[in-house]
Amino acid sequence: MTYTTVLTEIRGHVGIVTLNRPQAMNAFNILMLNELFDALEAFDKNETISALIVTGNEKAFAAGADIKEMADATPVQMITEGRVEVWDRIRQIKKPVIAAVSGWALGGGCEFVLSCDMVIASESAKFGQPEITIGVIPGAGGTQRLARLIGKNLTMEMVINNRTLSANEALQFGLANRVVPVEGYLDAAVAFAEEIASRAPMAVRMAKDAVNAAFETTLTEGLKAEKRNFYPLFSTEDQKEGMQAFIEKRKPNWKGK
Ligand code: HXC
């Protein structure tokens, strides 16, 4: 598949999608959104790949939705042109998705990062929801995912008063997993992703699903969801292999089944 607004690359067991509209600070137009999700879905189905990375360039991960493309839109066009609902496709990706962020992650760019499972931030990363400065509010999950992740008051400040977070603040508030030097930030993310890719694939899949359940439900229902994912793992060859390898003091050899 050839894309015009994203680049794809496979390194080892990691599939990398690079947002590639540098002339527009990687703003998401409709084409780029569709290409991004198509590429992620293709990697999700590719059996040689165990973890995914989405990245941008050093200056910009993504500066949000393409303002020029949506400036004259009507509410009906916002609904029908696939600009907003399309974001839900990220929730269907089963493999872990890591955002490797350098420079600006604003508006929809920040919301995309919030939809990923883990975040590696370069020291220059800056996260914000500046929609208020152009007369709107986040529309791709920002108000909900930020509030769940970093709490209400700071979310209010970001959404209502355009407060941005530095990389170190993102780390402090739980939005980033690691902060790394700008130089080599993607390599650091690939090393991080390779470590995840070396884990038992079915367990990773079940773990991702169970953690996500925590944001959807009560504790009682969440604990049930966890058990629904825990018990079936005892029917996998990898569970037998993992526990036997521990007993035999050797490294497990995962089969993904
Ligand atoms: C369209 C954009 C853009 C955007 C930047 N550009 N962001 N085009 N949509 N979101 C374009 C600029 O117009 C400019 O094009 C080129 O990229 C370089 O940007 P500059 O502004 O000249 O760069 P700089 O001064 O370094 O400032 C970088 C920036 C700034 C801080 C990222 O561009 C900025 O504030 N961008 C807008 C951020 C924003 O408001 N995002 C929220 C969007 S709404 P030209 O042609 O002039 O060279 C949103 C809602 C999502 O995301 C809801 C779900 C659908």
# chains A, B, ... in the order shown; residues from 1 in each chain; ligands from 1
>>> select_by_dssp(residues="region 36-169 of chain A", states="alpha helix (DSSP H)", output="JSON, numbers by chain")
{"A": [36, 37, 38, 39, 40, 41, 42, 43, 44, 45, 67, 68, 69, 70, 75, 76, 77, 78, 79, 80, 108, 109, 110, 111, 112, 113, 114, 115, 142, 143, 144, 145, 146, 147, 148, 149, 150, 152, 153, 154, 155, 156, 157, 158, 159, 160, 161, 167, 168, 169]}
>>> closest_atom_pairs(of="chain A", to="ligand 1", cutoff="10 Å", atoms="only C-alpha atoms and all ligand atoms", output="JSON lines")
{"residue": "A:Arg21", "atom": "CA", "partner": "ligand 1", "partner_atom_place_in_ligand_line": "17 (O)", "distance": 8.8}
{"residue": "A:Pro22", "atom": "CA", "partner": "ligand 1", "partner_atom_place_in_ligand_line": "17 (O)", "distance": 7.5}
{"residue": "A:Gln23", "atom": "CA", "partner": "ligand 1", "partner_atom_place_in_ligand_line": "16 (C)", "distance": 5.6}
{"residue": "A:Ala24", "atom": "CA", "partner": "ligand 1", "partner_atom_place_in_ligand_line": "17 (O)", "distance": 3.4}
{"residue": "A:Met25", "atom": "CA", "partner": "ligand 1", "partner_atom_place_in_ligand_line": "17 (O)", "distance": 4.7}
{"residue": "A:Asn26", "atom": "CA", "partner": "ligand 1", "partner_atom_place_in_ligand_line": "7 (N)", "distance": 7.3}
{"residue": "A:Ala27", "atom": "CA", "partner": "ligand 1", "partner_atom_place_in_ligand_line": "4 (C)", "distance": 4.8}
{"residue": "A:Phe28", "atom": "CA", "partner": "ligand 1", "partner_atom_place_in_ligand_line": "10 (N)", "distance": 7.3}
{"residue": "A:Asn29", "atom": "CA", "partner": "ligand 1", "partner_atom_place_in_ligand_line": "9 (N)", "distance": 8.0}
{"residue": "A:Ile30", "atom": "CA", "partner": "ligand 1", "partner_atom_place_in_ligand_line": "55 (C)", "distance": 9.2}
{"residue": "A:Leu33", "atom": "CA", "partner": "ligand 1", "partner_atom_place_in_ligand_line": "55 (C)", "distance": 9.7}
{"residue": "A:Lys59", "atom": "CA", "partner": "ligand 1", "partner_atom_place_in_ligand_line": "26 (O)", "distance": 8.1}
{"residue": "A:Ala60", "atom": "CA", "partner": "ligand 1", "partner_atom_place_in_ligand_line": "32 (C)", "distance": 7.1}
{"residue": "A:Phe61", "atom": "CA", "partner": "ligand 1", "partner_atom_place_in_ligand_line": "32 (C)", "distance": 9.4}
{"residue": "A:Ala62", "atom": "CA", "partner": "ligand 1", "partner_atom_place_in_ligand_line": "32 (C)", "distance": 7.7}
{"residue": "A:Ala63", "atom": "CA", "partner": "ligand 1", "partner_atom_place_in_ligand_line": "10 (N)", "distance": 4.7}
{"residue": "A:Gly64", "atom": "CA", "partner": "ligand 1", "partner_atom_place_in_ligand_line": "52 (O)", "distance": 3.4}
{"residue": "A:Ala65", "atom": "CA", "partner": "ligand 1", "partner_atom_place_in_ligand_line": "52 (O)", "distance": 3.8}
{"residue": "A:Asp66", "atom": "CA", "partner": "ligand 1", "partner_atom_place_in_ligand_line": "9 (N)", "distance": 3.4}
{"residue": "A:Ile67", "atom": "CA", "partner": "ligand 1", "partner_atom_place_in_ligand_line": "9 (N)", "distance": 3.9}
{"residue": "A:Lys68", "atom": "CA", "partner": "ligand 1", "partner_atom_place_in_ligand_line": "1 (C)", "distance": 5.1}
{"residue": "A:Glu69", "atom": "CA", "partner": "ligand 1", "partner_atom_place_in_ligand_line": "1 (C)", "distance": 7.2}
{"residue": "A:Met70", "atom": "CA", "partner": "ligand 1", "partner_atom_place_in_ligand_line": "9 (N)", "distance": 8.7}
{"residue": "A:Ala71", "atom": "CA", "partner": "ligand 1", "partner_atom_place_in_ligand_line": "9 (N)", "distance": 9.3}
{"residue": "A:Met78", "atom": "CA", "partner": "ligand 1", "partner_atom_place_in_ligand_line": "55 (C)", "distance": 8.0}
{"residue": "A:Ile79", "atom": "CA", "partner": "ligand 1", "partner_atom_place_in_ligand_line": "55 (C)", "distance": 9.8}
{"residue": "A:Gly82", "atom": "CA", "partner": "ligand 1", "partner_atom_place_in_ligand_line": "55 (C)", "distance": 8.9}
{"residue": "A:Arg83", "atom": "CA", "partner": "ligand 1", "partner_atom_place_in_ligand_line": "55 (C)", "distance": 5.3}
{"residue": "A:Val84", "atom": "CA", "partner": "ligand 1", "partner_atom_place_in_ligand_line": "55 (C)", "distance": 4.6}
{"residue": "A:Glu85", "atom": "CA", "partner": "ligand 1", "partner_atom_place_in_ligand_line": "55 (C)", "distance": 8.3}
{"residue": "A:Val86", "atom": "CA", "partner": "ligand 1", "partner_atom_place_in_ligand_line": "55 (C)", "distance": 8.9}
{"residue": "A:Trp87", "atom": "CA", "partner": "ligand 1", "partner_atom_place_in_ligand_line": "54 (C)", "distance": 7.9}
{"residue": "A:Gly103", "atom": "CA", "partner": "ligand 1", "partner_atom_place_in_ligand_line": "32 (C)", "distance": 8.6}
{"residue": "A:Trp104", "atom": "CA", "partner": "ligand 1", "partner_atom_place_in_ligand_line": "32 (C)", "distance": 5.8}
{"residue": "A:Ala105", "atom": "CA", "partner": "ligand 1", "partner_atom_place_in_ligand_line": "32 (C)", "distance": 7.9}
{"residue": "A:Leu106", "atom": "CA", "partner": "ligand 1", "partner_atom_place_in_ligand_line": "41 (N)", "distance": 5.2}
{"residue": "A:Gly107", "atom": "CA", "partner": "ligand 1", "partner_atom_place_in_ligand_line": "52 (O)", "distance": 3.6}
{"residue": "A:Gly108", "atom": "CA", "partner": "ligand 1", "partner_atom_place_in_ligand_line": "52 (O)", "distance": 3.7}
{"residue": "A:Gly109", "atom": "CA", "partner": "ligand 1", "partner_atom_place_in_ligand_line": "52 (O)", "distance": 6.5}
{"residue": "A:Cys110", "atom": "CA", "partner": "ligand 1", "partner_atom_place_in_ligand_line": "52 (O)", "distance": 8.1}
{"residue": "A:Glu111", "atom": "CA", "partner": "ligand 1", "partner_atom_place_in_ligand_line": "51 (C)", "distance": 7.6}
{"residue": "A:Phe112", "atom": "CA", "partner": "ligand 1", "partner_atom_place_in_ligand_line": "51 (C)", "distance": 9.4}
{"residue": "A:Lys126", "atom": "CA", "partner": "ligand 1", "partner_atom_place_in_ligand_line": "31 (C)", "distance": 9.6}
{"residue": "A:Gly128", "atom": "CA", "partner": "ligand 1", "partner_atom_place_in_ligand_line": "41 (N)", "distance": 8.4}
{"residue": "A:Gln129", "atom": "CA", "partner": "ligand 1", "partner_atom_place_in_ligand_line": "42 (C)", "distance": 6.6}
{"residue": "A:Pro130", "atom": "CA", "partner": "ligand 1", "partner_atom_place_in_ligand_line": "40 (O)", "distance": 5.0}
{"residue": "A:Glu131", "atom": "CA", "partner": "ligand 1", "partner_atom_place_in_ligand_line": "42 (C)", "distance": 4.9}
{"residue": "A:Ile132", "atom": "CA", "partner": "ligand 1", "partner_atom_place_in_ligand_line": "40 (O)", "distance": 8.2}
{"residue": "A:Thr133", "atom": "CA", "partner": "ligand 1", "partner_atom_place_in_ligand_line": "40 (O)", "distance": 6.8}
{"residue": "A:Ile134", "atom": "CA", "partner": "ligand 1", "partner_atom_place_in_ligand_line": "40 (O)", "distance": 6.4}
{"residue": "A:Gly135", "atom": "CA", "partner": "ligand 1", "partner_atom_place_in_ligand_line": "44 (S)", "distance": 9.2}
{"residue": "A:Val136", "atom": "CA", "partner": "ligand 1", "partner_atom_place_in_ligand_line": "44 (S)", "distance": 7.6}
{"residue": "A:Ile137", "atom": "CA", "partner": "ligand 1", "partner_atom_place_in_ligand_line": "50 (C)", "distance": 7.0}
{"residue": "A:Pro138", "atom": "CA", "partner": "ligand 1", "partner_atom_place_in_ligand_line": "50 (C)", "distance": 5.2}
{"residue": "A:Gly139", "atom": "CA", "partner": "ligand 1", "partner_atom_place_in_ligand_line": "53 (C)", "distance": 4.0}
{"residue": "A:Ala140", "atom": "CA", "partner": "ligand 1", "partner_atom_place_in_ligand_line": "54 (C)", "distance": 4.4}
{"residue": "A:Gly141", "atom": "CA", "partner": "ligand 1", "partner_atom_place_in_ligand_line": "54 (C)", "distance": 8.0}
{"residue": "A:Gly142", "atom": "CA", "partner": "ligand 1", "partner_atom_place_in_ligand_line": "53 (C)", "distance": 8.4}
{"residue": "A:Asn162", "atom": "CA", "partner": "ligand 1", "partner_atom_place_in_ligand_line": "40 (O)", "distance": 9.6}
>>> atom_distance(atom1="CA of Arg91 (chain A)", atom2="CA of Ser115 (chain A)")
7.5 Å
>>> residues_around(residues="Ile49 (chain A)", least_positions_apart="6", cutoff="12 Å", atoms="only C-alpha atoms", output="short mmCIF file (atom, residue, chain, number, x, y, z; two decimals) with N, CA and C atoms, in the first residue's frame")
data_model
loop_
_atom_site.label_atom_id
_atom_site.label_comp_id
_atom_site.auth_asym_id
_atom_site.auth_seq_id
_atom_site.Cartn_x
_atom_site.Cartn_y
_atom_site.Cartn_z
N GLU A 9 7.33 1.82 8.05
CA GLU A 9 8.63 1.14 8.13
C GLU A 9 8.50 0.02 9.15
N ILE A 10 9.19 -1.08 8.89
CA ILE A 10 9.22 -2.16 9.88
C ILE A 10 10.66 -2.31 10.36
N ARG A 11 10.85 -2.24 11.66
CA ARG A 11 12.19 -2.50 12.23
C ARG A 11 12.04 -3.66 13.20
N GLY A 12 12.63 -4.79 12.86
CA GLY A 12 12.50 -5.96 13.73
C GLY A 12 11.03 -6.34 13.85
N HIS A 13 10.52 -6.32 15.07
CA HIS A 13 9.12 -6.68 15.31
C HIS A 13 8.25 -5.46 15.55
N VAL A 14 8.75 -4.30 15.15
CA VAL A 14 8.05 -3.04 15.42
C VAL A 14 7.63 -2.39 14.11
N GLY A 15 6.36 -2.04 14.01
CA GLY A 15 5.86 -1.31 12.84
C GLY A 15 5.80 0.17 13.16
N ILE A 16 6.39 0.99 12.32
CA ILE A 16 6.46 2.44 12.59
C ILE A 16 5.66 3.20 11.54
N LEU A 40 -2.02 1.59 10.55
CA LEU A 40 -2.02 0.93 11.87
C LEU A 40 -2.78 -0.40 11.81
N GLU A 41 -3.90 -0.40 11.11
CA GLU A 41 -4.69 -1.64 11.01
C GLU A 41 -3.92 -2.71 10.24
N ALA A 42 -3.19 -2.30 9.21
CA ALA A 42 -2.39 -3.27 8.44
C ALA A 42 -1.29 -3.87 9.33
N PHE A 43 -0.62 -3.03 10.09
CA PHE A 43 0.41 -3.53 11.01
C PHE A 43 -0.22 -4.43 12.09
N LYS A 94 -5.33 -3.92 18.42
CA LYS A 94 -5.12 -4.87 19.52
C LYS A 94 -3.69 -4.86 20.06
N LYS A 95 -2.73 -4.53 19.20
CA LYS A 95 -1.33 -4.54 19.65
C LYS A 95 -1.00 -3.21 20.34
N PRO A 96 0.00 -3.20 21.21
CA PRO A 96 0.34 -1.95 21.89
C PRO A 96 0.79 -0.88 20.90
N VAL A 97 0.27 0.33 21.09
CA VAL A 97 0.65 1.46 20.24
C VAL A 97 1.41 2.48 21.09
N ALA A 193 9.81 -0.33 22.36
CA ALA A 193 8.79 -1.16 21.70
C ALA A 193 9.30 -2.59 21.51
N GLU A 194 10.59 -2.73 21.21
CA GLU A 194 11.16 -4.08 21.01
C GLU A 194 11.06 -4.90 22.30
N ILE A 196 8.77 -4.63 24.55
CA ILE A 196 7.36 -5.04 24.64
C ILE A 196 7.08 -6.16 23.63
N ALA A 197 7.69 -6.03 22.44
CA ALA A 197 7.48 -7.03 21.39
C ALA A 197 8.05 -8.39 21.78
N SER A 198 8.95 -8.41 22.76
CA SER A 198 9.56 -9.68 23.17
C SER A 198 8.71 -10.41 24.21
N PRO A 201 2.84 -12.71 23.22
CA PRO A 201 1.87 -11.89 22.47
C PRO A 201 0.43 -11.94 22.98
N GLY A 256 3.19 -17.37 20.62
CA GLY A 256 2.04 -16.52 20.28
C GLY A 256 0.75 -17.30 20.18
#
>>> residues_around(residues="region 173-190 of chain A", least_positions_apart="2", cutoff="10 Å", atoms="only C-alpha atoms", output="VMD selection string")
chain A and resid 11 to 16 51 to 59 98 to 103 113 to 114 117 to 125 127 146 149 to 151 154 165 167 to 171 192 to 197
>>> select_by_dssp(residues="region 8-137 of chain A", states="strand (DSSP E)", output="ChimeraX atom specification")
/A:8-11,14-19,51-55,60-62,97-101,104-106,118-122,126-128
>>> atom_distance(atom1="CA of Met156 (chain A)", atom2="CA of Phe215 (chain A)")
19.3 Å
>>> closest_residue(among="A:Ala245, A:Ile93, A:Val17, A:Val76", to="Lys45 (chain A)", atoms="only C-alpha atoms")
A:Ile93
>>> closest_residue(among="A:Ala214, A:Leu233, A:Leu223, A:Ala203", to="Ser50 (chain A)", atoms="only C-alpha atoms")
A:Ala203
>>> atom_distance(atom1="CA of Asp238 (chain A)", atom2="CA of Arg199 (chain A)")
10.0 Å
>>> residues_around(residues="Asn229 (chain A)", least_positions_apart="4", cutoff="12 Å", atoms="only C-alpha atoms", output="PyMOL selection string")
chain A and resi 202-213+222-225+233-236
>>> write_last_selection(atoms="C-alpha atoms", output="PDB file, in the first residue's frame")
ATOM      1  CA  MET A 202      -1.467 -13.219  23.726  1.00  0.00           C
ATOM      2  CA  ALA A 203      -0.738 -12.037  27.264  1.00  0.00           C
ATOM      3  CA  VAL A 204       0.172  -8.583  25.933  1.00  0.00           C
ATOM      4  CA  ARG A 205      -3.093  -8.471  24.022  1.00  0.00           C
ATOM      5  CA  MET A 206      -5.140  -9.534  27.040  1.00  0.00           C
ATOM      6  CA  ALA A 207      -3.259  -7.104  29.282  1.00  0.00           C
ATOM      7  CA  LYS A 208      -3.952  -4.156  26.986  1.00  0.00           C
ATOM      8  CA  ASP A 209      -7.619  -5.059  26.826  1.00  0.00           C
ATOM      9  CA  ALA A 210      -7.869  -5.445  30.619  1.00  0.00           C
ATOM     10  CA  VAL A 211      -6.122  -2.151  31.410  1.00  0.00           C
ATOM     11  CA  ASN A 212      -8.380  -0.334  28.951  1.00  0.00           C
ATOM     12  CA  ALA A 213     -11.398  -1.837  30.729  1.00  0.00           C
ATOM     13  CA  GLY A 222     -13.333  -4.183  35.781  1.00  0.00           C
ATOM     14  CA  LEU A 223     -12.159  -7.008  38.051  1.00  0.00           C
ATOM     15  CA  LYS A 224     -14.519  -9.355  36.203  1.00  0.00           C
ATOM     16  CA  ALA A 225     -13.097  -8.156  32.885  1.00  0.00           C
ATOM     17  CA  LEU A 233      -4.346 -17.548  29.115  1.00  0.00           C
ATOM     18  CA  PHE A 234      -4.024 -20.903  30.915  1.00  0.00           C
ATOM     19  CA  SER A 235      -5.127 -22.530  27.658  1.00  0.00           C
ATOM     20  CA  THR A 236      -2.175 -21.061  25.745  1.00  0.00           C
TER      21      THR A 236
END
>>> closest_residue(among="A:Arg89, A:Thr18, A:Tyr3, A:Lys257", to="Pro232 (chain A)", atoms="only C-alpha atoms")
A:Lys257
